[in-house]
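Asker: Have a peek at input_31.pdb (PDB, C-alpha atoms and all ligand atoms).
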```
ATOM      1  CA  MET A 115       5.631   6.126  10.596
ATOM      2  CA  LYS A 116       1.954   7.087  10.305
ATOM      3  CA  ILE A 117      -0.066   5.626   7.462
ATOM      4  CA  TYR A 118      -3.393   6.948   6.227
ATOM      5  CA  ILE A 119      -6.163   4.428   5.629
ATOM      6  CA  ASP A 120      -9.681   5.654   4.851
ATOM      7  CA  GLY A 121      -9.529   8.797   6.946
ATOM      8  CA  GLU A 122      -7.558   7.441   9.934
ATOM      9  CA  PHE A 123      -3.858   7.293  10.734
ATOM     10  CA  TYR A 124      -2.224   4.048  11.876
ATOM     11  CA  ASP A 125       1.257   3.033  13.007
ATOM     12  CA  LYS A 126       3.106   0.911  10.458
ATOM     13  CA  GLU A 127       2.459  -2.310  12.474
ATOM     14  CA  ASN A 128      -1.273  -1.633  12.521
ATOM     15  CA  ALA A 129      -1.677  -0.378   8.956
ATOM     16  CA  LYS A 130      -3.522  -3.372   7.491
ATOM     17  CA  ILE A 131      -5.839  -4.124   4.591
ATOM     18  CA  SER A 132      -8.339  -7.010   4.462
ATOM     19  CA  VAL A 133      -7.417 -10.213   2.591
ATOM     20  CA  PHE A 134     -10.837  -9.767   0.919
ATOM     21  CA  ASP A 135      -9.786  -6.430  -0.609
ATOM     22  CA  HIS A 136     -10.044  -6.712  -4.391
ATOM     23  CA  GLY A 137      -6.881  -4.656  -4.759
ATOM     24  CA  LEU A 138      -5.088  -7.730  -3.417
ATOM     25  CA  LEU A 139      -7.371 -10.478  -4.793
ATOM     26  CA  TYR A 140      -7.542  -9.113  -8.369
ATOM     27  CA  GLY A 141      -5.146  -6.181  -8.620
ATOM     28  CA  ASP A 142      -8.338  -4.143  -8.885
ATOM     29  CA  GLY A 143      -7.231  -0.603  -8.113
ATOM     30  CA  VAL A 144      -5.002   2.298  -9.111
ATOM     31  CA  PHE A 145      -2.058   4.147  -7.595
ATOM     32  CA  GLU A 146       0.206   7.187  -7.780
ATOM     33  CA  GLY A 147       3.765   7.863  -6.727
ATOM     34  CA  ILE A 148       4.597  11.506  -5.963
ATOM     35  CA  ARG A 149       7.755  13.190  -4.672
ATOM     36  CA  PHE A 150       8.110  16.134  -2.333
ATOM     37  CA  TYR A 151      11.194  18.285  -1.942
ATOM     38  CA  ASN A 152      12.043  21.063   0.542
ATOM     39  CA  GLY A 153       8.555  21.008   2.056
ATOM     40  CA  ARG A 154       6.718  21.208  -1.283
ATOM     41  CA  VAL A 155       4.935  18.516  -3.272
ATOM     42  CA  PHE A 156       6.130  18.496  -6.865
ATOM     43  CA  ARG A 157       3.403  18.536  -9.528
ATOM     44  CA  LEU A 158       0.756  17.445  -7.010
ATOM     45  CA  GLU A 159      -2.260  18.420  -9.104
ATOM     46  CA  GLU A 160      -1.053  16.546 -12.186
ATOM     47  CA  HIS A 161      -0.618  13.383 -10.105
ATOM     48  CA  ILE A 162      -4.050  13.721  -8.494
ATOM     49  CA  ASP A 163      -5.632  14.366 -11.915
ATOM     50  CA  ARG A 164      -3.984  11.209 -13.252
ATOM     51  CA  LEU A 165      -5.161   9.222 -10.212
ATOM     52  CA  PHE A 166      -8.745  10.315 -10.858
ATOM     53  CA  ASP A 167      -8.425   9.564 -14.588
ATOM     54  CA  SER A 168      -7.021   6.101 -13.815
ATOM     55  CA  ALA A 169      -9.941   5.467 -11.424
ATOM     56  CA  ARG A 170     -12.489   6.780 -13.930
ATOM     57  CA  ALA A 171     -11.053   4.542 -16.645
ATOM     58  CA  ILE A 172     -11.616   1.420 -14.526
ATOM     59  CA  ALA A 173     -15.057   2.602 -13.305
ATOM     60  CA  LEU A 174     -13.809   3.014  -9.755
ATOM     61  CA  ASN A 175     -15.491   5.642  -7.594
ATOM     62  CA  ILE A 176     -12.894   6.959  -5.137
ATOM     63  CA  GLY A 177     -15.697   8.309  -2.954
ATOM     64  CA  MET A 178     -13.839  11.578  -2.271
ATOM     65  CA  GLY A 179     -13.236  14.700  -4.313
ATOM     66  CA  LYS A 180      -9.835  15.839  -5.560
ATOM     67  CA  SER A 181      -9.405  18.501  -2.897
ATOM     68  CA  ALA A 182     -10.097  15.968  -0.123
ATOM     69  CA  VAL A 183      -7.503  13.579  -1.603
ATOM     70  CA  ILE A 184      -4.991  16.429  -1.853
ATOM     71  CA  GLU A 185      -5.610  17.376   1.793
ATOM     72  CA  ALA A 186      -5.235  13.717   2.900
ATOM     73  CA  THR A 187      -1.944  13.554   0.982
ATOM     74  CA  LEU A 188      -0.565  16.717   2.591
ATOM     75  CA  GLU A 189      -1.782  15.654   6.038
ATOM     76  CA  THR A 190      -0.022  12.284   5.709
ATOM     77  CA  ILE A 191       3.276  14.073   5.054
ATOM     78  CA  ARG A 192       2.630  16.402   8.010
ATOM     79  CA  GLN A 193       1.834  13.509  10.349
ATOM     80  CA  ASN A 194       5.264  12.089   9.481
ATOM     81  CA  ASN A 195       6.955  15.470   9.786
ATOM     82  CA  LEU A 196       8.866  15.059   6.521
ATOM     83  CA  GLN A 197      10.394  17.680   4.225
ATOM     84  CA  ASP A 198      11.677  15.419   1.431
ATOM     85  CA  GLY A 199      10.405  12.046   0.335
ATOM     86  CA  TYR A 200       8.061   9.949  -1.696
ATOM     87  CA  ILE A 201       4.350   9.467  -1.246
ATOM     88  CA  ARG A 202       2.373   6.490  -2.492
ATOM     89  CA  LEU A 203      -1.402   6.716  -2.893
ATOM     90  CA  VAL A 204      -3.316   3.511  -3.522
ATOM     91  CA  VAL A 205      -7.038   3.263  -4.236
ATOM     92  CA  THR A 206      -8.457  -0.247  -4.195
ATOM     93  CA  ARG A 207     -11.914  -1.500  -5.148
ATOM     94  CA  GLY A 208     -12.304  -2.317  -1.454
ATOM     95  CA  VAL A 209     -13.553  -5.359   0.409
ATOM     96  CA  GLY A 210     -15.776  -7.748  -1.532
ATOM     97  CA  ASP A 211     -16.610 -11.393  -2.182
ATOM     98  CA  LEU A 212     -14.387 -14.178  -3.481
ATOM     99  CA  GLY A 213     -15.576 -13.463  -6.974
ATOM    100  CA  LEU A 214     -14.295 -10.731  -9.196
ATOM    101  CA  ASN A 215     -17.588  -8.850  -9.478
ATOM    102  CA  PRO A 216     -16.662  -5.296  -8.419
ATOM    103  CA  MET A 217     -20.364  -4.490  -7.883
ATOM    104  CA  LEU A 218     -20.116  -6.534  -4.683
ATOM    105  CA  CYS A 219     -17.478  -4.187  -3.274
ATOM    106  CA  PRO A 220     -19.517  -1.452  -1.595
ATOM    107  CA  LYS A 221     -16.718   1.015  -0.906
ATOM    108  CA  ALA A 222     -13.289   1.845  -2.329
ATOM    109  CA  SER A 223     -10.334   2.128   0.048
ATOM    110  CA  LEU A 224      -7.638   4.811  -0.086
ATOM    111  CA  PHE A 225      -4.342   4.407   1.677
ATOM    112  CA  ILE A 226      -1.366   6.756   1.657
ATOM    113  CA  ILE A 227       2.237   6.021   2.664
ATOM    114  CA  ALA A 228       4.823   8.796   3.068
ATOM    115  CA  SER A 229       8.353   7.465   2.901
ATOM    116  CA  LYS A 230      11.556   7.489   0.828
ATOM    117  CA  ILE A 231      12.402   5.801  -2.456
ATOM    118  CA  THR A 232      15.742   5.120  -4.153
ATOM    119  CA  LEU A 233      15.588   3.298  -7.472
ATOM    120  CA  TYR A 234      19.161   3.676  -8.712
ATOM    121  CA  SER A 235      22.461   4.345  -6.953
ATOM    122  CA  ALA A 236      23.982   7.851  -7.065
ATOM    123  CA  ASP A 237      26.759   6.738  -9.433
ATOM    124  CA  LYS A 238      24.146   5.890 -12.119
ATOM    125  CA  TYR A 239      23.057   9.538 -12.125
ATOM    126  CA  GLU A 240      26.708  10.475 -12.807
ATOM    127  CA  ASN A 241      27.752   7.694 -15.181
ATOM    128  CA  GLY A 242      24.474   6.461 -16.663
ATOM    129  CA  LEU A 243      22.431   3.283 -16.648
ATOM    130  CA  ASP A 244      22.757   0.322 -18.937
ATOM    131  CA  VAL A 245      19.476  -0.879 -20.409
ATOM    132  CA  VAL A 246      18.500  -4.200 -21.969
ATOM    133  CA  THR A 247      15.514  -4.955 -24.176
ATOM    134  CA  CYS A 248      13.017  -7.228 -22.429
ATOM    135  CA  ALA A 249      11.150 -10.060 -24.127
ATOM    136  CA  THR A 250       8.076  -9.155 -22.055
ATOM    137  CA  ARG A 251       5.964  -6.658 -24.026
ATOM    138  CA  ARG A 252       4.103  -3.656 -22.660
ATOM    139  CA  ILE A 253       0.360  -4.315 -22.130
ATOM    140  CA  PRO A 254      -1.684  -3.614 -25.266
ATOM    141  CA  HIS A 255      -4.401  -0.915 -25.311
ATOM    142  CA  GLY A 256      -6.965  -3.583 -26.175
ATOM    143  CA  ALA A 257      -6.356  -5.507 -22.940
ATOM    144  CA  LEU A 258      -5.954  -2.767 -20.334
ATOM    145  CA  SER A 259      -5.041   0.782 -21.221
ATOM    146  CA  PRO A 260      -1.352   1.360 -20.486
ATOM    147  CA  MET A 261      -2.463   4.898 -19.552
ATOM    148  CA  VAL A 262      -4.029   3.514 -16.376
ATOM    149  CA  LYS A 263      -1.632   3.398 -13.453
ATOM    150  CA  SER A 264      -3.299   0.252 -12.152
ATOM    151  CA  LEU A 265      -2.350  -2.314  -9.521
ATOM    152  CA  ASN A 266      -1.634  -4.762 -12.375
ATOM    153  CA  TYR A 267       2.122  -4.283 -12.740
ATOM    154  CA  LEU A 268       2.980  -7.927 -13.312
ATOM    155  CA  ASN A 269       4.219  -7.488 -16.854
ATOM    156  CA  ASN A 270       6.488  -4.658 -15.684
ATOM    157  CA  VAL A 271       7.643  -6.844 -12.783
ATOM    158  CA  MET A 272       8.465  -9.659 -15.248
ATOM    159  CA  ALA A 273      10.405  -7.197 -17.385
ATOM    160  CA  LYS A 274      12.271  -5.932 -14.304
ATOM    161  CA  ILE A 275      13.275  -9.535 -13.485
ATOM    162  CA  GLU A 276      14.632  -9.944 -17.020
ATOM    163  CA  ALA A 277      16.676  -6.746 -16.692
ATOM    164  CA  GLN A 278      18.051  -7.821 -13.303
ATOM    165  CA  ASN A 279      18.918 -11.305 -14.579
ATOM    166  CA  ALA A 280      20.821  -9.656 -17.421
ATOM    167  CA  GLY A 281      22.734  -7.549 -14.876
ATOM    168  CA  ALA A 282      21.310  -4.349 -16.364
ATOM    169  CA  GLY A 283      20.015  -1.289 -14.548
ATOM    170  CA  GLU A 284      16.756  -1.013 -16.499
ATOM    171  CA  GLY A 285      14.643  -2.901 -19.011
ATOM    172  CA  LEU A 286      13.351  -1.469 -22.268
ATOM    173  CA  MET A 287       9.787  -2.520 -23.083
ATOM    174  CA  LEU A 288       8.443  -2.670 -26.638
ATOM    175  CA  ASN A 289       4.782  -2.791 -27.581
ATOM    176  CA  GLU A 290       3.185  -5.681 -29.474
ATOM    177  CA  GLN A 291       4.216  -4.140 -32.818
ATOM    178  CA  GLY A 292       7.851  -3.922 -31.716
ATOM    179  CA  PHE A 293       7.911  -0.139 -31.250
ATOM    180  CA  VAL A 294       9.555   1.307 -28.144
ATOM    181  CA  SER A 295       7.079   2.058 -25.314
ATOM    182  CA  GLU A 296       9.080   2.872 -22.213
ATOM    183  CA  CYS A 297      11.126   1.219 -19.466
ATOM    184  CA  THR A 298       9.678  -0.804 -16.564
ATOM    185  CA  GLY A 299       8.789   2.285 -14.499
ATOM    186  CA  ASP A 300      10.242   5.167 -16.496
ATOM    187  CA  ASN A 301       9.644   6.972 -19.783
ATOM    188  CA  ILE A 302      12.505   7.017 -22.298
ATOM    189  CA  PHE A 303      13.918   9.899 -24.351
ATOM    190  CA  ILE A 304      16.702  10.210 -26.883
ATOM    191  CA  ILE A 305      18.539  13.191 -28.340
ATOM    192  CA  LYS A 306      19.810  13.158 -31.912
ATOM    193  CA  ASN A 307      21.254  16.194 -33.731
ATOM    194  CA  GLY A 308      19.894  18.542 -31.073
ATOM    195  CA  VAL A 309      16.311  17.202 -31.240
ATOM    196  CA  ILE A 310      14.628  15.372 -28.332
ATOM    197  CA  THR A 311      12.286  12.480 -29.106
ATOM    198  CA  THR A 312      10.179  10.192 -26.921
ATOM    199  CA  PRO A 313       7.597   7.574 -27.898
ATOM    200  CA  PRO A 314       3.985   8.769 -28.139
ATOM    201  CA  ILE A 315       1.474   7.682 -25.494
ATOM    202  CA  SER A 316      -0.220   5.640 -28.239
ATOM    203  CA  ALA A 317       2.891   3.401 -28.361
ATOM    204  CA  GLY A 318       2.077   2.254 -24.825
ATOM    205  CA  ALA A 319       3.963   4.840 -22.765
ATOM    206  CA  LEU A 320       2.464   6.095 -19.531
ATOM    207  CA  ALA A 321       1.640   9.814 -19.690
ATOM    208  CA  GLY A 322       4.406  10.476 -17.199
ATOM    209  CA  VAL A 323       4.353  13.596 -15.065
ATOM    210  CA  THR A 324       8.156  13.823 -15.283
ATOM    211  CA  ARG A 325       7.823  13.291 -19.042
ATOM    212  CA  SER A 326       5.625  16.386 -19.201
ATOM    213  CA  VAL A 327       8.237  18.339 -17.199
ATOM    214  CA  VAL A 328      10.800  17.472 -19.918
ATOM    215  CA  PHE A 329       8.411  18.940 -22.511
ATOM    216  CA  ASP A 330       8.280  22.149 -20.439
ATOM    217  CA  LEU A 331      12.079  22.252 -20.120
ATOM    218  CA  ALA A 332      12.581  21.617 -23.843
ATOM    219  CA  SER A 333      10.359  24.574 -24.636
ATOM    220  CA  GLU A 334      12.163  26.710 -22.033
ATOM    221  CA  PHE A 335      15.511  25.791 -23.650
ATOM    222  CA  GLY A 336      14.181  26.189 -27.198
ATOM    223  CA  ILE A 337      15.020  22.555 -28.009
ATOM    224  CA  PRO A 338      12.614  20.861 -30.455
ATOM    225  CA  ILE A 339      10.799  17.823 -29.031
ATOM    226  CA  HIS A 340       8.853  15.216 -31.043
ATOM    227  CA  GLU A 341       6.877  12.035 -30.370
ATOM    228  CA  PRO A 342       7.373   9.726 -33.369
ATOM    229  CA  MET A 343       6.995   5.940 -33.257
ATOM    230  CA  MET A 344      10.465   4.719 -32.296
ATOM    231  CA  THR A 345      12.398   1.473 -32.618
ATOM    232  CA  ARG A 346      15.587   0.173 -31.031
ATOM    233  CA  TYR A 347      17.401   1.553 -34.110
ATOM    234  CA  ASP A 348      16.668   5.085 -32.897
ATOM    235  CA  ILE A 349      18.235   4.354 -29.507
ATOM    236  CA  PHE A 350      21.285   2.557 -30.971
ATOM    237  CA  THR A 351      21.969   5.564 -33.206
ATOM    238  CA  ALA A 352      21.128   8.328 -30.700
ATOM    239  CA  ASP A 353      23.631  10.880 -29.387
ATOM    240  CA  GLU A 354      22.154  10.801 -25.872
ATOM    241  CA  CYS A 355      19.478   8.900 -23.971
ATOM    242  CA  PHE A 356      17.788   9.401 -20.609
ATOM    243  CA  LEU A 357      14.892   8.018 -18.586
ATOM    244  CA  THR A 358      12.331   9.906 -16.517
ATOM    245  CA  GLY A 359      10.015   8.998 -13.660
ATOM    246  CA  THR A 360       8.893  10.336 -10.324
ATOM    247  CA  ALA A 361      11.064   7.838  -8.505
ATOM    248  CA  ALA A 362      13.905   7.897 -11.082
ATOM    249  CA  GLU A 363      13.745  11.675 -11.708
ATOM    250  CA  ILE A 364      15.945  12.228 -14.821
ATOM    251  CA  ILE A 365      18.687   9.634 -15.234
ATOM    252  CA  PRO A 366      21.115   9.163 -18.162
ATOM    253  CA  ALA A 367      21.143   5.840 -20.062
ATOM    254  CA  VAL A 368      24.431   5.035 -21.800
ATOM    255  CA  LYS A 369      24.053   1.476 -23.122
ATOM    256  CA  LEU A 370      21.354  -0.547 -24.848
ATOM    257  CA  ASP A 371      21.854  -4.306 -25.161
ATOM    258  CA  THR A 372      25.578  -3.868 -24.359
ATOM    259  CA  ARG A 373      26.090  -1.312 -27.159
ATOM    260  CA  LEU A 374      27.207   2.208 -26.267
ATOM    261  CA  ILE A 375      24.732   5.041 -26.887
ATOM    262  CA  GLY A 376      26.656   8.011 -28.328
ATOM    263  CA  ASP A 377      30.092   8.015 -26.674
ATOM    264  CA  GLY A 378      28.794   5.987 -23.734
ATOM    265  CA  LYS A 379      28.756   8.965 -21.365
ATOM    266  CA  PRO A 380      25.849  11.145 -20.190
ATOM    267  CA  GLY A 381      25.457  13.877 -22.808
ATOM    268  CA  PRO A 382      25.441  17.675 -22.440
ATOM    269  CA  ILE A 383      21.703  18.182 -23.048
ATOM    270  CA  THR A 384      20.860  15.402 -20.571
ATOM    271  CA  ARG A 385      23.096  17.057 -17.970
ATOM    272  CA  ARG A 386      21.498  20.440 -18.586
ATOM    273  CA  LEU A 387      18.017  18.949 -18.180
ATOM    274  CA  ILE A 388      19.031  17.256 -14.917
ATOM    275  CA  THR A 389      20.417  20.511 -13.498
ATOM    276  CA  ARG A 390      17.293  22.482 -14.386
ATOM    277  CA  PHE A 391      15.025  19.667 -13.143
ATOM    278  CA  ARG A 392      16.773  19.805  -9.750
ATOM    279  CA  GLU A 393      16.267  23.573  -9.601
ATOM    280  CA  LEU A 394      12.557  23.139 -10.322
ATOM    281  CA  THR A 395      12.000  20.372  -7.778
ATOM    282  CA  ALA A 396      13.827  22.393  -5.111
ATOM    283  CA  SER A 397      11.860  25.581  -5.676
ATOM    284  CA  THR A 398       8.340  24.798  -6.956
ATOM    285  CA  GLY A 399       5.355  22.759  -5.797
ATOM    286  CA  THR A 400       2.481  22.796  -3.334
ATOM    287  CA  PRO A 401       3.620  23.939   0.163
ATOM    288  CA  ILE A 402       2.976  21.258   2.794
ATOM    289  CA  TYR A 403       3.271  23.235   6.023
ATOM    290  CA  SER A 404       1.865  26.711   5.371
TER
HETATM  291  N1  LIG B 501       5.988   4.424 -16.912
HETATM  292  C1  LIG B 501       5.478   3.613 -15.974
HETATM  293  C2  LIG B 501       4.975   2.272 -16.361
HETATM  294  C3  LIG B 501       5.421   4.055 -14.651
HETATM  295  O1  LIG B 501       4.897   3.270 -13.706
HETATM  296  C4  LIG B 501       6.443   6.136 -15.332
HETATM  297  C5  LIG B 501       6.457   5.653 -16.623
HETATM  298  C6  LIG B 501       6.930   7.527 -15.061
HETATM  299  O2  LIG B 501       5.829   8.386 -14.789
HETATM  300  P1  LIG B 501       5.935   9.632 -13.802
HETATM  301  O3  LIG B 501       4.571  10.215 -13.800
HETATM  302  O4  LIG B 501       6.310   9.082 -12.443
HETATM  303  O5  LIG B 501       6.953  10.531 -14.348
HETATM  304  C7  LIG B 501       5.903   5.333 -14.320
HETATM  305  C8  LIG B 501       5.867   5.811 -12.905
HETATM  306  C9  LIG B 501       8.415   2.310  -8.501
HETATM  307  C10 LIG B 501       7.808   3.543  -9.073
HETATM  308  O6  LIG B 501       8.014   1.940  -7.388
HETATM  309  C11 LIG B 501       7.480   3.652 -10.395
HETATM  310  C12 LIG B 501       6.879   4.816 -10.873
HETATM  311  C13 LIG B 501       6.627   5.861 -10.046
HETATM  312  C14 LIG B 501       6.970   5.729  -8.729
HETATM  313  C15 LIG B 501       7.549   4.561  -8.214
HETATM  314  O7  LIG B 501       9.266   1.698  -9.159
HETATM  315  N2  LIG B 501       6.554   4.836 -12.144
END
```
Produce structure tokens that represent the structure in this file.
Answerer:
Amino acid sequence: MKIYIDGEFYDKENAKISVFDHGLLYGDGVFEGIRFYNGRVFRLEEHIDRLFDSARAIALNIGMGKSAVIEATLETIRQNNLQDGYIRLVVTRGVGDLGLNPMLCPKASLFIIASKITLYSADKYENGLDVVTCATRRIPHGALSPMVKSLNYLNNVMAKIEAQNAGAGEGLMLNEQGFVSECTGDNIFIIKNGVITTPPISAGALAGVTRSVVFDLASEFGIPIHEPMMTRYDIFTADECFLTGTAAEIIPAVKLDTRLIGDGKPGPITRRLITRFRELTASTGTPIYS
């Protein structure tokens, strides 16, 4: 495995970051997770745009332009000779002092790992996930924008632990007002009477790239899609539910807090979206090798 760090490629054993890097000391940095299928990177530009927006929002200068980051991403996949997989880009504030002042970090670091990711077993894509509501709330806008895909994922990690301890496949996260935000690393959607709904970004959801693909598919299928504030009531009373994320792709959810959603089986619209999503990922995206 070859890993990109600041313009050079290293073997896995030698791919190392300083203990004085503020990404490690303070979680001061941002990241992206992107998938590639059949030799093409899916929605590459959207991911790179979000990476730059995340960096801009935390006043982090990546020190490279978008096209250079895109080329580094593609080259990392090429160096590993992969056709299908998952690519993780991390930008840290870089090496600095033992003090959180980011002004004392002269240069940001970018590293890129091309690998594989499996979040849920294949049977969950067939039969659906069970979800539990976590006590840990999604970060509020006033503390750190939940729009920023930052290296501060501790509240999501705490929520994931709660879900695992409950024996559930995923954890539902509410915002401070008790409205539904999203799951620990996925956006959430429901379908009721032929209408798709998902929480608005203002409720604390990440502006997911896969989420935006569902908006495209809904318009392609002529299915109405709305973003109202949502509560657990909406999920309990939904006909269908599914989660989306780069790592998760589109996955049905069939239980919330041990109660069945709809008839407790993945629904027809969810299945149709999954089929079309797989067609899109297999046939569109930025070519890696040409
Ligand atoms: N919400 C959060 C908090 C996320 O971190 C999503 C929603 C889905 O967004 P995209 O753009 O991927 O559709 C994410 C993305 C992991 C992992 O390691 C998590 C994500 C992406 C890749 C890997 O669990 N989450």
Asker: Using all atoms listed in the file, find each residue of segment 118-207 of chain A with at least one atom at most 12 Å away from an atom of segment 263-285 of chain A; report its shortest atom-to-atom pair and that distance in Å (one decimal), sort the rows by chain and rising residue number, and return the result as CSV.
Answerer:
```
residue,atom,partner,partner_atom,distance
A:His136,CA,A:Leu265,CA,10.2
A:Gly137,CA,A:Leu265,CA,7.0
A:Leu138,CA,A:Leu265,CA,8.6
A:Leu139,CA,A:Leu265,CA,10.7
A:Tyr140,CA,A:Asn266,CA,8.4
A:Gly141,CA,A:Leu265,CA,4.9
A:Asp142,CA,A:Leu265,CA,6.3
A:Gly143,CA,A:Leu265,CA,5.4
A:Val144,CA,A:Ser264,CA,4.0
A:Phe145,CA,A:Lys263,CA,5.9
A:Glu146,CA,A:Lys263,CA,7.1
A:Gly147,CA,A:Lys263,CA,9.7
A:His161,CA,A:Lys263,CA,10.6
A:Ile162,CA,A:Lys263,CA,11.7
A:Asp163,CA,A:Lys263,CA,11.8
A:Arg164,CA,A:Lys263,CA,8.2
A:Leu165,CA,A:Lys263,CA,7.5
A:Phe166,CA,A:Lys263,CA,10.3
A:Asp167,CA,A:Lys263,CA,9.2
A:Ser168,CA,A:Lys263,CA,6.0
A:Ala169,CA,A:Ser264,CA,8.5
A:Arg170,CA,A:Lys263,CA,11.4
A:Ala171,CA,A:Ser264,CA,9.9
A:Ile172,CA,A:Ser264,CA,8.7
A:Leu174,CA,A:Ser264,CA,11.1
A:Leu203,CA,A:Lys263,CA,11.1
A:Val204,CA,A:Leu265,CA,8.4
A:Val205,CA,A:Leu265,CA,9.0
A:Thr206,CA,A:Leu265,CA,8.4
A:Arg207,CA,A:Leu265,CA,10.5
```
Asker: Need the shell around segment 182-197 of chain A: protein/DNA/RNA residues with any atom at most 6 Å away, counting all atoms listed in the file. Skip same-chain ones fewer than 4 positions apart. Format as a list in words?
Answerer: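 Final neighbour list, sorted by chain and number: Asn152, Gly153, Ala228 and Ile402 of chain A.
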Asker: Please write the residues from the selection above to a file, keeping C-alpha atoms, as a short mmCIF file (atom, residue, chain, number, x, y, z; two decimals), in the frame of the given file.
Answerer:
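Output contents, as saved in out.cif:
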```cif
data_model
loop_
_atom_site.label_atom_id
_atom_site.label_comp_id
_atom_site.auth_asym_id
_atom_site.auth_seq_id
_atom_site.Cartn_x
_atom_site.Cartn_y
_atom_site.Cartn_z
CA ASN A 152 12.04 21.06 0.54
CA GLY A 153 8.56 21.01 2.06
CA ALA A 228 4.82 8.80 3.07
CA ILE A 402 2.98 21.26 2.79
#
```
Asker: Need the axis-aligned box for segment 382-391 of chain A with 5 Å each side, so what are the centre and edges in Å to one decimal, as JSON?
Answerer:
```
{"center_x": 20.2, "center_y": 18.9, "center_z": -18.1, "size_x": 20.4, "size_y": 17.1, "size_z": 19.9}
```
Asker: Once you count only C-alpha atoms and all ligand atoms, which residues end up within 9 Å of ligand LIG 501 (chain B), and could you hand them over as a PyMOL selection string?
Answerer: chain A and resi 146-149+160-161+164+200-202+231-233+252+260-261+263-264+267+270+295-302+318-327+357-363
Asker: On this structure, which residues satisfy the PyMOL selection byres (((chain A and resi 242-244) around 10) and not hetatm), written as a VMD selection string?
Answerer: chain A and resid 234 to 241 245 to 246 277 281 to 285 355 to 357 365 to 375 378 to 381
Asker: Here is a test: counting all atoms listed in the file, which residue of A:Ala332, A:Ala257, A:Leu218, A:Met344 is nearest to Thr384 of chain A?
Answerer: A:Ala332
Asker: How many Å separate atom CA of Ile253 of chain A from atom CA of Pro216 of chain A?
Answerer: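 Rounded to one decimal, the two atoms are 21.9 Å apart.
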Asker: Of the candidates A:Asn128, A:Asn307, A:Ser333, A:Ser397, which one gets nearest to Phe156 of chain A if we count all atoms listed in the file?
Answerer: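 Of the candidates, the smallest distance to Phe156 of chain A is held by A:Ser397.
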Asker: Rounded to one decimal place, report the atom CA of Ala249 of chain A-atom CA of Leu286 of chain A distance in Å.
Answerer: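 Distance between the two atoms: 9.1 Å.
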Asker: Would you mind completing segment 318-328 of chain A to N, CA, C and O atoms and writing the output as a short mmCIF file (atom, residue, chain, number, x, y, z; two decimals), keeping the file's coordinate frame?
Answerer:
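The result, written out as result-v3.cif:
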```
data_model
loop_
_atom_site.label_atom_id
_atom_site.label_comp_id
_atom_site.auth_asym_id
_atom_site.auth_seq_id
_atom_site.Cartn_x
_atom_site.Cartn_y
_atom_site.Cartn_z
N GLY A 318 2.15 3.02 -26.07
CA GLY A 318 2.08 2.25 -24.82
C GLY A 318 2.81 2.90 -23.66
O GLY A 318 2.95 2.30 -22.61
N ALA A 319 3.29 4.14 -23.86
CA ALA A 319 3.96 4.84 -22.76
C ALA A 319 2.93 5.37 -21.78
O ALA A 319 1.83 5.75 -22.17
N LEU A 320 3.29 5.39 -20.51
CA LEU A 320 2.46 6.10 -19.53
C LEU A 320 2.63 7.60 -19.77
O LEU A 320 3.71 8.05 -20.11
N ALA A 321 1.54 8.35 -19.57
CA ALA A 321 1.64 9.81 -19.69
C ALA A 321 2.33 10.34 -18.43
O ALA A 321 1.69 10.83 -17.50
N GLY A 322 3.64 10.19 -18.40
CA GLY A 322 4.41 10.48 -17.20
C GLY A 322 4.38 11.96 -16.83
O GLY A 322 4.44 12.83 -17.70
N VAL A 323 4.31 12.22 -15.54
CA VAL A 323 4.35 13.60 -15.06
C VAL A 323 5.76 14.17 -15.29
O VAL A 323 5.92 15.31 -15.72
N THR A 324 6.79 13.36 -15.04
CA THR A 324 8.16 13.82 -15.28
C THR A 324 8.38 14.02 -16.78
O THR A 324 9.08 14.95 -17.20
N ARG A 325 7.79 13.15 -17.58
CA ARG A 325 7.82 13.29 -19.04
C ARG A 325 7.30 14.67 -19.44
O ARG A 325 7.90 15.36 -20.26
N SER A 326 6.19 15.09 -18.82
CA SER A 326 5.62 16.39 -19.20
C SER A 326 6.53 17.54 -18.72
O SER A 326 6.58 18.59 -19.36
N VAL A 327 7.28 17.32 -17.64
CA VAL A 327 8.24 18.34 -17.20
C VAL A 327 9.33 18.50 -18.27
O VAL A 327 9.76 19.63 -18.56
N VAL A 328 9.77 17.39 -18.87
CA VAL A 328 10.80 17.47 -19.92
C VAL A 328 10.28 18.27 -21.12
O VAL A 328 11.02 19.06 -21.72
#
```
